[in-house]
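Just below is one structure, and these are the notes that go with it.
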Amino acid sequence: MLAAALLDKKKGLKDLAFYELKLPEPMTDIEELIGKRGKNQIVFADVPIEQATPYAAADADMTMRLVAALAPQLAEQAKVNEIFHKLEMPLLPVLVRMEQAGIGLDEPFMRELGKRMGDQLERLEDEIYTFNDRVKFNINSGDQLSDLLFVKLGIPADGVPRTDKTKKYSLTASVFEILQAKNPHPIIDLILRYRQLSKLKSTYVDALPDLVNPETGRVHTTYSQLGAATGRLSSNDPNLQNIPTRTDEGREIRRGFVAAPGHIFIAADYSQIELRVLAHITQDANLVEAFLEGQDIHAATASQLFGVPTSKIDKNQRRVAKTVIFGVIYGISAFGLAPRIGASRTEAQRLIDELFARFPGLRDYIDSTLAQGRQQGYVHSLFGRRRYMPELSSGGPRRAAAEREAINAPIQSTAADIMKIAMIRVDEALRQRKLAARMLLQVHDELIFEAPHAEVDEVVQLVCEQMEGAHKLNVPLKVDVESGPNWEEMHEIAAH
DNA sequence: TAGTTCACG
DNA sequence: ACGTACGTGAACTAC
């Protein structure tokens, strides 16, 4: 019950206070003071002191009473208690420093990029309208798009999947790609291109400059320690954990994140942390050996799957092996794997079977994790962080979904715990050595720092040491480091 | 506000 | 027969 209360991000202080403290008196809601999110909303600083004072006092008082009510419940679970006091609480001031540091944004660059994207979007719109008798419509509207594609243009809709709740035609990028292969039509590529550009423009290029804090001239995200059920952080307003990197055009946006004058970014990312955690938890001999020998893990997996020496593995085999092993830690089925690797369901099943045959520790891990999850009602990370999963004991598709979550959670959670340990240690080491370098961002397996040029060598050394040594597993933790003047132009730094 | 889509690890 | 890969946050449409 406690964990549920603490982990339910939708439960605010007020709900907790009523639930845990059984308050008889209604508390003032923050919305009564500042209004709902929107046009007429004011900031708390504008609330008259006569109203702000009792609200703030109640807020602090309720928090203190909640500590008294919840701490004993927390203490009943030794490991969860330790995660709270030794990990989450020490992490909090580190996150505050990161949020307050913010990150520089090159506003003129973003505006220029926005203008270019806007021009290109206009051209795409015009081209798309030519397929609708030059009549304008809202390309972002799935309803209007469906009508054009499947009615006016007569593209065959058979085989097009339906959406979950509304059962309309699903119009995702992968659906368009399949459609294009079966019934090629020039409008399809235009739509894909339009979608990609408008996503980048509206979500990042247009939105980010509005979030520059006028006081600091920088963008300040907010991290949530309760954002993810697995113990990962989440980032919001803006989300700086999903800045584009996968396409060249998306990557351009990263060029707009710039290091302060006299400074340079340093990015340190854990190499394959989830698979290393998988090797540690499963103790699978083949997996452990591959990491101990410093092999390219996906090439090594491909070698096992296809029975070909690692040196003879081509790019496609490596890609397939990567998809298969990630798929398995996500609980994928042959049905789900097949389209992702462009193979038949039979072939997909063969690869899954082969993976389990070559890495028998994986099957044991899945079986024992599910058994323990059903028996205890939760699964846990290496450090004892729990994810409650009552639906493991239900039936039907909800159970299947819970099983996939249960397979993945210990791995993702353990990686998240290790990263949090590293962040605390890196922050401590930077401060202890009186360095001016600051930790700015965390993106799950990666930390981004801003350092004066003169500090680069020392910071790189320190960061690697703390991250790689955050926790000893039965396989090494490896960290790759890059640096550069902006978030796009990053170049590897030679091994330390 | 629900639903869909898509950006990231 | 059923549904089909984990974890997020944001923009957008339609109601």
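In the structure tokens, the first chain shown is A, the next is B, and so on; residue numbers restart at 1 for each chain, and ligands run from 1 in the order shown.
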Can you write out as a tab-separated table which residues of chain C fall within 7 Å of chain A, alongside each residue's closest atom pair and its distance in Å to one decimal, counting only C-alpha atoms (C1' of nucleotides) and ordering rows by chain and ascending residue number?
```
residue	atom	partner	partner_atom	distance
C:DG3	C1'	A:Pro397	CA	6.3
C:DT4	C1'	A:Gly336	CA	5.7
C:DA5	C1'	A:Tyr330	CA	4.9
C:DC6	C1'	A:Tyr330	CA	5.0
C:DG7	C1'	A:Ala228	CA	6.8
C:DT8	C1'	A:Ser234	CA	6.3
C:DG9	C1'	A:Asn239	CA	6.3
C:DA10	C1'	A:Thr203	CA	6.5
C:DA11	C1'	A:Thr203	CA	6.3
C:DT13	C1'	A:Ser141	CA	6.0
```
Please, could you write that set of residues out with N, CA and C atoms (P, O5', C5', C4', C3', O3' and C1' of nucleotides) as a short mmCIF file (atom, residue, chain, number, x, y, z; two decimals), in the first residue's frame?
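Generated output (again33.cif):
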```cif
data_model
loop_
_atom_site.label_atom_id
_atom_site.label_comp_id
_atom_site.auth_asym_id
_atom_site.auth_seq_id
_atom_site.Cartn_x
_atom_site.Cartn_y
_atom_site.Cartn_z
P DG C 3 -7.93 -9.86 -28.94
"O5'" DG C 3 -6.42 -9.46 -28.68
"C5'" DG C 3 -5.94 -9.28 -27.37
"C4'" DG C 3 -4.43 -9.36 -27.38
"C3'" DG C 3 -3.80 -8.45 -28.44
"O3'" DG C 3 -2.86 -7.61 -27.80
"C1'" DG C 3 -2.96 -10.66 -28.62
P DT C 4 -2.18 -6.46 -28.69
"O5'" DT C 4 -0.63 -6.85 -28.64
"C5'" DT C 4 -0.11 -7.61 -27.56
"C4'" DT C 4 0.98 -8.53 -28.09
"C3'" DT C 4 1.85 -7.87 -29.17
"O3'" DT C 4 3.18 -8.05 -28.77
"C1'" DT C 4 1.28 -10.03 -29.78
P DA C 5 4.40 -7.60 -29.68
"O5'" DA C 5 5.22 -7.01 -28.46
"C5'" DA C 5 5.67 -7.90 -27.46
"C4'" DA C 5 6.62 -7.14 -26.58
"C3'" DA C 5 6.11 -5.73 -26.28
"O3'" DA C 5 6.12 -5.54 -24.89
"C1'" DA C 5 8.30 -5.65 -27.27
P DC C 6 5.29 -4.52 -24.16
"O5'" DC C 6 6.39 -3.94 -23.13
"C5'" DC C 6 6.96 -4.81 -22.18
"C4'" DC C 6 8.09 -4.09 -21.49
"C3'" DC C 6 7.72 -2.69 -21.02
"O3'" DC C 6 7.16 -2.74 -19.72
"C1'" DC C 6 9.80 -2.66 -22.16
P DG C 7 6.23 -1.48 -19.28
"O5'" DG C 7 7.23 -0.24 -19.28
"C5'" DG C 7 8.25 -0.18 -18.29
"C4'" DG C 7 9.04 1.10 -18.48
"C3'" DG C 7 8.19 2.35 -18.61
"O3'" DG C 7 7.75 2.78 -17.33
"C1'" DG C 7 9.97 2.38 -20.17
P DT C 8 6.62 3.89 -17.24
"O5'" DT C 8 7.46 5.21 -17.53
"C5'" DT C 8 6.84 6.37 -18.01
"C4'" DT C 8 7.91 7.23 -18.66
"C3'" DT C 8 7.38 8.56 -19.15
"O3'" DT C 8 7.60 9.50 -18.13
"C1'" DT C 8 8.71 7.50 -20.83
P DG C 9 6.57 10.73 -17.96
"O5'" DG C 9 6.81 11.58 -19.28
"C5'" DG C 9 8.04 12.30 -19.44
"C4'" DG C 9 7.90 13.27 -20.59
"C3'" DG C 9 6.74 14.24 -20.48
"O3'" DG C 9 7.19 15.47 -21.03
"C1'" DG C 9 6.45 12.87 -22.40
P DA C 10 6.27 16.74 -21.15
"O5'" DA C 10 5.92 16.72 -22.71
"C5'" DA C 10 6.97 16.91 -23.63
"C4'" DA C 10 6.39 17.17 -25.01
"C3'" DA C 10 5.22 18.16 -25.02
"O3'" DA C 10 5.40 18.99 -26.16
"C1'" DA C 10 4.51 16.06 -25.90
P DA C 11 4.46 20.20 -26.44
"O5'" DA C 11 3.75 19.74 -27.79
"C5'" DA C 11 4.56 19.40 -28.90
"C4'" DA C 11 3.65 18.90 -30.01
"C3'" DA C 11 2.45 19.80 -30.25
"O3'" DA C 11 2.33 20.00 -31.66
"C1'" DA C 11 1.74 17.57 -29.81
P DT C 13 -4.29 19.61 -35.08
"O5'" DT C 13 -5.27 18.37 -34.86
"C5'" DT C 13 -5.09 17.18 -35.62
"C4'" DT C 13 -6.21 16.20 -35.30
"C3'" DT C 13 -7.62 16.76 -35.47
"O3'" DT C 13 -8.40 15.77 -36.10
"C1'" DT C 13 -7.32 16.00 -33.25
#
```
Can you check which parts of chain A lie within 7 Å of chain B? Per residue, the shortest pair of atoms and distance in Å to one decimal, counting only C-alpha atoms (C1' of nucleotides), sorted by chain and number, as CSV.
```
residue,atom,partner,partner_atom,distance
A:Thr172,CA,B:DT5,C1',6.6
A:Gln241,CA,B:DC8,C1',5.9
A:Asn242,CA,B:DC8,C1',3.5
A:Ile243,CA,B:DC8,C1',6.3
A:Pro244,CA,B:DA7,C1',6.2
A:Val443,CA,B:DG9,C1',6.9
A:His444,CA,B:DG9,C1',6.0
```
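We find atom CA of Ser224 of chain A and atom CA of Ala259 of chain A to be spaced 24.3 Å apart.
Backbone DSSP over segment 348-386 of chain A yields alpha helix (DSSP H) at Ala348, Gln349, Arg350, Leu351, Ile352, Asp353, Glu354, Leu355, Phe356, Ala357, Arg358, Pro360, Gly361, Leu362, Arg363, Asp364, Tyr365, Ile366, Asp367, Ser368, Thr369, Leu370, Ala371, Gln372, Gly373, Arg374, Gln375 and Gln376 of chain A.
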Give the strand (DSSP E) residues of segment 271-479 of chain A, as DSSP finds them on the backbone, and put them as a short mmCIF file (atom, residue, chain, number, x, y, z; two decimals) with N, CA and C atoms, in the first residue's frame.
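File out21.cif, as written:
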```cif
data_model
loop_
_atom_site.label_atom_id
_atom_site.label_comp_id
_atom_site.auth_asym_id
_atom_site.auth_seq_id
_atom_site.Cartn_x
_atom_site.Cartn_y
_atom_site.Cartn_z
N TYR A 378 5.37 -9.28 -6.72
CA TYR A 378 6.23 -8.23 -7.26
C TYR A 378 7.51 -8.85 -7.82
N VAL A 379 8.18 -8.11 -8.68
CA VAL A 379 9.53 -8.49 -9.11
C VAL A 379 10.47 -7.39 -8.60
N HIS A 380 11.78 -7.64 -8.64
CA HIS A 380 12.68 -6.68 -8.01
C HIS A 380 13.99 -6.54 -8.77
N ARG A 386 11.31 -2.68 -5.93
CA ARG A 386 10.19 -3.55 -6.32
C ARG A 386 9.28 -2.92 -7.38
N ARG A 387 8.74 -3.78 -8.20
CA ARG A 387 7.62 -3.37 -9.05
C ARG A 387 6.51 -4.38 -8.79
N TYR A 388 5.41 -3.89 -8.24
CA TYR A 388 4.30 -4.78 -7.91
C TYR A 388 3.54 -5.13 -9.18
N ARG A 438 29.83 20.97 -14.43
CA ARG A 438 28.52 20.65 -13.87
C ARG A 438 27.84 19.52 -14.66
N MET A 439 27.16 18.68 -13.93
CA MET A 439 26.34 17.65 -14.57
C MET A 439 25.07 18.35 -15.02
N LEU A 440 24.70 18.19 -16.30
CA LEU A 440 23.52 18.90 -16.80
C LEU A 440 22.33 17.98 -17.04
N LEU A 441 22.59 16.85 -17.70
CA LEU A 441 21.48 16.00 -18.13
C LEU A 441 21.76 14.53 -17.86
N GLN A 442 20.67 13.78 -17.65
CA GLN A 442 20.74 12.31 -17.62
C GLN A 442 19.74 11.78 -18.63
N GLU A 446 23.17 7.66 -20.03
CA GLU A 446 24.11 8.67 -20.46
C GLU A 446 24.04 9.90 -19.56
N LEU A 447 25.20 10.48 -19.27
CA LEU A 447 25.25 11.74 -18.51
C LEU A 447 25.95 12.78 -19.36
N ILE A 448 25.40 14.00 -19.36
CA ILE A 448 26.00 15.09 -20.12
C ILE A 448 26.47 16.16 -19.14
N PHE A 449 27.74 16.53 -19.31
CA PHE A 449 28.37 17.53 -18.44
C PHE A 449 28.78 18.74 -19.27
N GLU A 450 28.98 19.86 -18.55
CA GLU A 450 29.54 21.06 -19.15
C GLU A 450 30.76 21.40 -18.32
N ALA A 451 31.92 21.48 -18.98
CA ALA A 451 33.17 21.71 -18.24
C ALA A 451 33.99 22.81 -18.90
N PRO A 452 34.70 23.61 -18.10
CA PRO A 452 35.67 24.54 -18.67
C PRO A 452 36.74 23.72 -19.41
N VAL A 479 32.23 2.50 -20.13
CA VAL A 479 31.69 3.83 -20.42
C VAL A 479 32.41 4.42 -21.63
#
```
**Q.** Distance in Å - atom CA of Ile341 of chain A versus atom CA of Ile325 of chain A
**A.** 11.9 Å
Q) Leaving out Arg319 of chain A and any residue of its chain fewer than 5 positions from it, which residues lie within 10 Å of it when counting only C-alpha atoms (C1' of nucleotides), given as an MDAnalysis selection string? A) chainID A and resid 298:299 302 314 324 341
Next, write the just-selected residues to a file, as a PDB file, in the first residue's frame, keeping N, CA and C atoms as the atom set.
```
ATOM      1  N   HIS A 298      26.434  -7.834 -30.040  1.00  0.00           N
ATOM      2  CA  HIS A 298      25.447  -8.193 -31.055  1.00  0.00           C
ATOM      3  C   HIS A 298      26.060  -9.079 -32.134  1.00  0.00           C
ATOM      4  N   ALA A 299      27.330  -8.831 -32.436  1.00  0.00           N
ATOM      5  CA  ALA A 299      28.030  -9.700 -33.380  1.00  0.00           C
ATOM      6  C   ALA A 299      28.215 -11.088 -32.770  1.00  0.00           C
ATOM      7  N   ALA A 302      24.950 -12.831 -32.913  1.00  0.00           N
ATOM      8  CA  ALA A 302      24.699 -13.235 -34.300  1.00  0.00           C
ATOM      9  C   ALA A 302      25.504 -14.481 -34.635  1.00  0.00           C
ATOM     10  N   ASP A 314      27.649 -10.181 -41.075  1.00  0.00           N
ATOM     11  CA  ASP A 314      27.413  -8.935 -41.810  1.00  0.00           C
ATOM     12  C   ASP A 314      26.462  -8.022 -41.022  1.00  0.00           C
ATOM     13  N   VAL A 324      16.651  -9.505 -31.895  1.00  0.00           N
ATOM     14  CA  VAL A 324      16.218 -10.733 -31.217  1.00  0.00           C
ATOM     15  C   VAL A 324      16.532 -10.662 -29.725  1.00  0.00           C
ATOM     16  N   ILE A 341      12.101  -8.003 -38.091  1.00  0.00           N
ATOM     17  CA  ILE A 341      13.332  -8.437 -38.753  1.00  0.00           C
ATOM     18  C   ILE A 341      13.055  -8.820 -40.209  1.00  0.00           C
TER      19      ILE A 341
END
```
